[in-house]
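The structure file run05.txt is reproduced below (compact mmCIF, C-alpha atoms).
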```txt
# COMPACT_ATOMS: atom_id res chain seq x y z
CA MET A 238 14.10 -8.09 18.40
CA ASN A 239 12.69 -4.60 17.79
CA LYS A 240 11.22 -4.90 14.30
CA ILE A 241 8.17 -3.81 12.35
CA TYR A 242 7.19 -5.14 8.95
CA VAL A 243 5.09 -2.60 7.03
CA ILE A 244 3.13 -4.84 4.70
CA GLY A 245 0.96 -4.29 1.67
CA ILE A 246 -1.57 -7.14 1.70
CA GLY A 247 -2.88 -6.43 -1.79
CA PRO A 248 -6.61 -6.22 -2.55
CA GLY A 249 -7.41 -8.53 0.38
CA ALA A 250 -7.54 -12.03 -1.08
CA TYR A 251 -5.00 -14.39 0.49
CA ASP A 252 -3.77 -15.67 -2.87
CA GLN A 253 -2.95 -12.12 -3.98
CA MET A 254 -0.58 -11.51 -1.07
CA THR A 255 3.12 -11.99 -1.79
CA GLY A 256 4.91 -14.92 -0.26
CA ARG A 257 7.15 -12.46 1.61
CA ALA A 258 4.09 -10.74 3.12
CA ILE A 259 2.71 -14.06 4.32
CA ARG A 260 6.03 -15.15 5.83
CA ALA A 261 6.43 -11.81 7.63
CA MET A 262 3.00 -12.10 9.22
CA GLU A 263 3.76 -15.70 10.22
CA GLU A 264 6.98 -14.47 11.90
CA SER A 265 5.18 -11.70 13.77
CA ASP A 266 3.82 -11.72 17.29
CA VAL A 267 1.34 -8.91 16.63
CA ILE A 268 -0.59 -7.85 13.52
CA ILE A 269 -1.86 -4.26 13.57
CA GLY A 270 -4.03 -2.43 11.06
CA TYR A 271 -7.25 -0.67 10.16
CA THR A 272 -10.18 -2.80 11.38
CA VAL A 273 -11.38 -3.77 7.87
CA TYR A 274 -7.91 -4.96 6.78
CA VAL A 275 -7.29 -6.99 9.92
CA ASP A 276 -10.62 -8.75 9.38
CA LEU A 277 -9.39 -9.80 5.91
CA VAL A 278 -6.34 -11.66 7.25
CA LYS A 279 -7.44 -12.92 10.68
CA GLU A 280 -8.54 -16.38 9.58
CA TYR A 281 -5.16 -17.11 7.97
CA PHE A 282 -2.97 -16.26 10.97
CA ALA A 283 -4.56 -18.00 13.92
CA GLY A 284 -2.80 -17.57 17.22
CA LYS A 285 -1.50 -14.08 16.48
CA GLU A 286 -2.37 -11.06 18.58
CA PHE A 287 -4.42 -8.56 16.58
CA MET A 288 -4.78 -4.84 17.27
CA THR A 289 -6.88 -2.35 15.32
CA THR A 290 -7.71 1.34 15.16
CA PRO A 291 -10.53 2.92 13.13
CA MET A 292 -10.18 5.26 10.16
CA LYS A 293 -8.64 8.66 10.94
CA LYS A 294 -6.58 7.11 13.75
CA GLU A 295 -3.55 6.43 11.56
CA VAL A 296 -1.04 8.25 13.79
CA GLU A 297 -2.25 6.37 16.85
CA ARG A 298 -2.02 3.10 14.91
CA CYS A 299 1.60 3.75 13.99
CA GLU A 300 2.51 4.76 17.54
CA LEU A 301 0.89 1.56 18.80
CA ALA A 302 3.06 -0.48 16.44
CA PHE A 303 6.24 1.20 17.65
CA GLU A 304 5.30 0.77 21.31
CA GLU A 305 4.68 -2.96 20.78
CA ALA A 306 7.96 -3.35 18.88
CA SER A 307 9.84 -1.41 21.56
CA GLY A 308 8.69 -4.06 24.03
CA GLY A 309 10.51 -6.73 22.04
CA LYS A 310 7.68 -8.02 19.85
CA ILE A 311 7.88 -8.55 16.10
CA VAL A 312 5.06 -6.48 14.60
CA SER A 313 3.30 -6.46 11.25
CA MET A 314 1.62 -3.19 10.30
CA ILE A 315 -0.68 -4.07 7.42
CA CYS A 316 -2.17 -1.85 4.70
CA SER A 317 -4.38 -2.69 1.76
CA GLY A 318 -2.70 -2.64 -1.64
CA ASP A 319 0.92 -1.50 -1.36
CA ALA A 320 2.19 0.08 1.86
CA GLY A 321 4.12 2.67 -0.15
CA VAL A 322 1.21 3.74 -2.39
CA TYR A 323 -1.24 5.82 -0.33
CA GLY A 324 -0.25 3.50 2.51
CA MET A 325 1.39 3.74 5.92
CA ALA A 326 5.08 3.44 4.98
CA GLY A 327 5.76 7.19 4.91
CA LEU A 328 4.02 7.90 8.21
CA MET A 329 5.84 4.98 9.82
CA TYR A 330 9.20 6.47 8.85
CA GLU A 331 8.15 9.89 10.16
CA ILE A 332 7.03 8.53 13.54
CA GLY A 333 9.96 6.10 13.57
CA GLU A 334 12.35 9.02 14.09
CA ARG A 335 11.27 8.87 17.74
CA TYR A 336 12.04 5.14 17.92
CA PRO A 337 15.59 4.70 16.52
CA GLN A 338 15.89 1.31 18.19
CA VAL A 339 13.12 -0.14 16.00
CA GLU A 340 13.96 -1.52 12.55
CA LEU A 341 11.47 -1.03 9.71
CA GLU A 342 11.16 -3.30 6.68
CA ILE A 343 8.72 -2.40 3.90
CA ILE A 344 7.10 -5.30 2.06
CA PRO A 345 5.30 -4.38 -1.18
CA GLY A 346 1.89 -5.60 -2.28
CA VAL A 347 -0.46 -5.47 -5.25
CA THR A 348 -1.98 -1.98 -5.36
CA ALA A 349 -5.47 -1.28 -6.73
CA ALA A 350 -4.04 0.18 -9.93
CA THR A 351 -2.33 -3.05 -10.97
CA GLY A 352 -4.96 -5.34 -9.45
CA GLY A 353 -7.76 -3.50 -11.22
CA ALA A 354 -5.81 -3.23 -14.46
CA ALA A 355 -5.52 -7.01 -14.62
CA VAL A 356 -9.30 -7.31 -14.34
CA LEU A 357 -9.93 -4.70 -17.06
CA GLY A 358 -7.29 -6.02 -19.47
CA ALA A 359 -4.18 -3.90 -20.06
CA PRO A 360 -4.93 -0.21 -19.47
CA LEU A 361 -1.57 0.78 -17.92
CA ILE A 362 0.83 -0.39 -20.61
CA HIS A 363 2.07 3.14 -21.35
CA ASP A 364 2.78 6.15 -19.07
CA PHE A 365 0.16 6.58 -16.36
CA CYS A 366 -0.37 8.39 -13.08
CA LEU A 367 -2.32 7.80 -9.87
CA ILE A 368 -4.48 10.56 -8.41
CA SER A 369 -6.62 10.30 -5.30
CA LEU A 370 -9.85 12.31 -5.34
CA SER A 371 -9.96 12.40 -1.54
CA ASP A 372 -9.48 15.94 -0.26
CA LEU A 373 -9.16 14.81 3.35
CA LEU A 374 -5.39 15.41 3.27
CA THR A 375 -4.99 17.25 -0.06
CA PRO A 376 -6.76 20.51 -1.00
CA TRP A 377 -9.18 20.14 -3.92
CA GLU A 378 -7.39 22.96 -5.77
CA LYS A 379 -4.24 20.83 -5.90
CA ILE A 380 -6.19 17.75 -7.01
CA GLU A 381 -7.81 19.84 -9.75
CA ALA A 382 -4.41 21.06 -10.99
CA ARG A 383 -3.09 17.50 -11.10
CA LEU A 384 -6.11 16.27 -13.07
CA LEU A 385 -5.70 19.06 -15.62
CA GLY A 386 -1.94 18.57 -15.93
CA ALA A 387 -2.18 14.80 -16.37
CA SER A 388 -4.99 15.16 -18.89
CA GLN A 389 -3.13 17.74 -20.94
CA ALA A 390 -0.07 15.46 -20.98
CA ASP A 391 -2.25 12.56 -22.25
CA PHE A 392 -1.49 10.25 -19.32
CA VAL A 393 -3.65 7.25 -18.57
CA ILE A 394 -5.10 8.30 -15.21
CA CYS A 395 -5.99 5.91 -12.41
CA LEU A 396 -8.27 7.45 -9.78
CA TYR A 397 -8.30 6.26 -6.17
CA ASN A 398 -11.02 7.20 -3.66
CA PRO A 399 -13.36 8.44 -6.40
CA SER A 400 -16.43 8.99 -4.24
CA SER A 401 -17.89 8.89 -0.75
CA ARG A 402 -21.05 10.06 0.99
CA LYS A 403 -19.56 13.52 1.49
CA ARG A 404 -17.94 13.60 -1.98
CA SER A 405 -20.70 12.13 -4.14
CA ASP A 406 -20.06 14.51 -7.06
CA TYR A 407 -16.25 14.43 -7.09
CA LEU A 408 -15.95 11.93 -9.94
CA GLN A 409 -18.32 14.02 -12.02
CA LYS A 410 -16.23 17.11 -11.30
CA ALA A 411 -13.05 15.21 -12.19
CA CYS A 412 -14.52 14.01 -15.50
CA ASP A 413 -15.53 17.57 -16.42
CA LEU A 414 -11.96 18.71 -15.76
CA MET A 415 -10.39 15.88 -17.73
CA MET A 416 -12.71 16.50 -20.68
CA GLN A 417 -11.06 19.87 -21.13
CA TYR A 418 -8.20 17.89 -22.71
CA LYS A 419 -9.57 14.36 -23.25
CA SER A 420 -12.28 13.35 -25.72
CA PRO A 421 -15.67 12.36 -24.25
CA GLU A 422 -15.19 9.10 -26.19
CA THR A 423 -11.98 8.24 -24.30
CA VAL A 424 -12.08 4.58 -23.27
CA CYS A 425 -12.37 4.20 -19.49
CA GLY A 426 -12.92 1.39 -17.01
CA ILE A 427 -14.09 0.86 -13.45
CA VAL A 428 -13.45 -2.07 -11.12
CA SER A 429 -15.19 -2.56 -7.77
CA ASN A 430 -14.18 -4.86 -4.91
CA ILE A 431 -10.97 -6.00 -6.61
CA ALA A 432 -10.23 -9.66 -5.79
CA ARG A 433 -13.00 -9.68 -3.18
CA GLU A 434 -16.52 -11.03 -3.07
CA GLY A 435 -18.73 -9.06 -5.43
CA GLU A 436 -15.96 -8.03 -7.83
CA SER A 437 -17.33 -6.28 -10.91
CA ALA A 438 -15.86 -4.39 -13.86
CA ARG A 439 -17.09 -2.30 -16.75
CA VAL A 440 -15.55 -0.61 -19.79
CA LEU A 441 -17.22 2.67 -20.79
CA THR A 442 -16.53 6.09 -22.30
CA LEU A 443 -15.43 9.16 -20.35
CA ALA A 444 -18.81 10.76 -21.04
CA GLU A 445 -20.56 7.70 -19.61
CA LEU A 446 -18.19 7.62 -16.65
CA ARG A 447 -19.18 11.17 -15.76
CA ASP A 448 -22.71 10.01 -14.95
CA THR A 449 -21.77 6.71 -13.28
CA LYS A 450 -22.17 6.21 -9.54
CA VAL A 451 -19.16 4.68 -7.80
CA ASP A 452 -17.99 4.21 -4.20
CA MET A 453 -14.79 4.06 -2.18
CA PHE A 454 -14.30 0.41 -3.15
CA THR A 455 -14.12 1.34 -6.85
CA THR A 456 -10.95 2.13 -8.79
CA VAL A 457 -11.37 4.23 -11.95
CA PHE A 458 -9.20 4.07 -15.07
CA VAL A 459 -9.26 6.85 -17.69
CA GLY A 460 -7.44 6.01 -20.91
CA ASN A 461 -5.17 8.14 -23.04
CA SER A 462 -5.83 9.12 -26.67
CA GLN A 463 -4.61 5.70 -27.88
CA THR A 464 -6.52 3.49 -25.42
CA LYS A 465 -9.06 1.21 -27.07
CA GLU A 466 -11.54 -1.53 -26.33
CA ILE A 467 -10.60 -4.99 -27.56
CA GLY A 468 -13.06 -7.81 -26.96
CA GLY A 469 -14.64 -6.00 -24.03
CA LYS A 470 -11.26 -5.26 -22.44
CA MET A 471 -9.50 -1.91 -21.94
CA VAL A 472 -6.13 -1.84 -23.71
CA THR A 473 -3.54 0.94 -24.01
CA PRO A 474 -1.00 0.23 -26.78
CA ARG A 475 2.65 0.93 -26.10
CA GLY A 476 3.54 1.39 -29.75
CA TYR A 477 4.85 -2.01 -30.81
CA ARG A 478 4.34 -2.76 -34.50
CA VAL A 479 1.55 -5.32 -34.81
CA ARG A 480 1.32 -7.32 -38.03
CA GLN A 481 -2.21 -7.75 -39.28
```

Just give me the structure of the file as structure tokens.
Amino acid sequence: MNKIYVIGIGPGAYDQMTGRAIRAMEESDVIIGYTVYVDLVKEYFAGKEFMTTPMKKEVERCELAFEEASGGKIVSMICSGDAGVYGMAGLMYEIGERYPQVELEIIPGVTAATGGAAVLGAPLIHDFCLISLSDLLTPWEKIEARLLGASQADFVICLYNPSSRKRSDYLQKACDLMMQYKSPETVCGIVSNIAREGESARVLTLAELRDTKVDMFTTVFVGNSQTKEIGGKMVTPRGYRVRQ
């Protein structure tokens, strides 16, 4: 059987994986992924063959999966969050053109936006967008245009990859851009290490967010003009009539 499951494993906790994701990995002969993600699942799938590649070796990782599947093995290619949201699903289809004999099945998972939103309260109840602040694959000029456009349109904005050692001021730059259209008092939230050891969350204003240090394990939520804080939680109303 020449098959690859492309699986979103969610934030990393076993109980936040879907049942379908777990069954697919149990069916597989080989589980392949970025080293950090494979370490998260290893203890739950004893007896499987595990293969890893480091960051920036995504193409090689996908090719490895197709080569293993071409040899008759059932393969799971795992990604954190959802495989179709900043994950490997698109690249797998691109490389898969060279391997028409291999079947792909995409299995969704809990992405950081929805996992983090549950921790913060209910920030994504109305229209929202996801923007990655990583300029590794996207020019900063394009990221800047997206931040301005989403802010002007009053979207709730969820930011992935908000900071790194080489991009320590990118969140600050993003906040300055968003404040061209959003109030400094806009309700925001941050969640670190979603569903992992050391999980933490905080609700704060956009002005406070600007001067807050975050890392690559943090997901940032910037509210719209209606977002409010209720009992320490971040809530975006959808417009239902609420009787007082």

Show which residues sit within 8 Å of A:Asp452, as a list in words. Count all atoms listed in the file, and ignore same-chain residues fewer than 3 positions away.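 After dropping sequence-adjacent residues, the list is Asn398, Pro399, Ser400, Ser401 and Thr455 of chain A.
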
Fewer than 6 positions away in the same chain doesn't count, so skip those; otherwise give me all residues within 8 Å of stretch 358-363 of chain A, counting only C-alpha atoms, as a list in words.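 Neighbouring residues, sequence-local ones excluded: Thr351, Val393, Phe458, Gly460, Thr464, Lys470, Met471, Val472, Thr473, Pro474 and Arg475 of chain A.
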
Around (-2.5, -7.8, 0.3) in the file's own coordinates, what residues are found within 7 Å if you use only C-alpha atoms, given back as JSON, numbers by chain? {"A": [245, 246, 247, 248, 249, 250, 253, 254, 317, 318, 346, 347]}

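Atom CA of A:Val278 is found 15.2 Å from atom CA of A:Asp319.
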
Residues within 6 Å of A:Thr289, please, as a list in words. Count all atoms listed in the file; anything in the same chain fewer than 2 positions from it doesn't count.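 Once the adjacent positions are removed, what remains is Ile269, Gly270, Tyr271 and Thr272 of chain A.
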
Measuring between all atoms listed in the file, which one of A:Leu443, A:Ile431, A:Met292, A:Leu357 shows the shortest distance to A:Val459?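 Closest candidate: A:Leu443.
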
Check the smallest atom-to-atom distance from each of A:Val457, A:Val356, A:Ile315, A:Val273 to A:Cys425 using all atoms listed in the file, then report the winner.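 Checking each candidate against A:Cys425, we get A:Val457 as the closest.
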
Closest to A:Ser369 among A:Met329, A:Ala306, A:Ala390, A:Val322, using all atoms listed in the file?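 Looking only at the distances to A:Ser369, the closest residue turns out to be A:Val322.
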
Grab all the atoms of stretch 252-256 of chain A that the file lists, wrap them in a box along x, y and z, add 3 Å per side, and give me centre plus edge lengths in Å (one decimal) as lines of an AutoDock Vina configuration file.
```
center_x = 0.6
center_y = -13.6
center_z = -2.1
size_x = 14.7
size_y = 10.2
size_z = 9.7
```
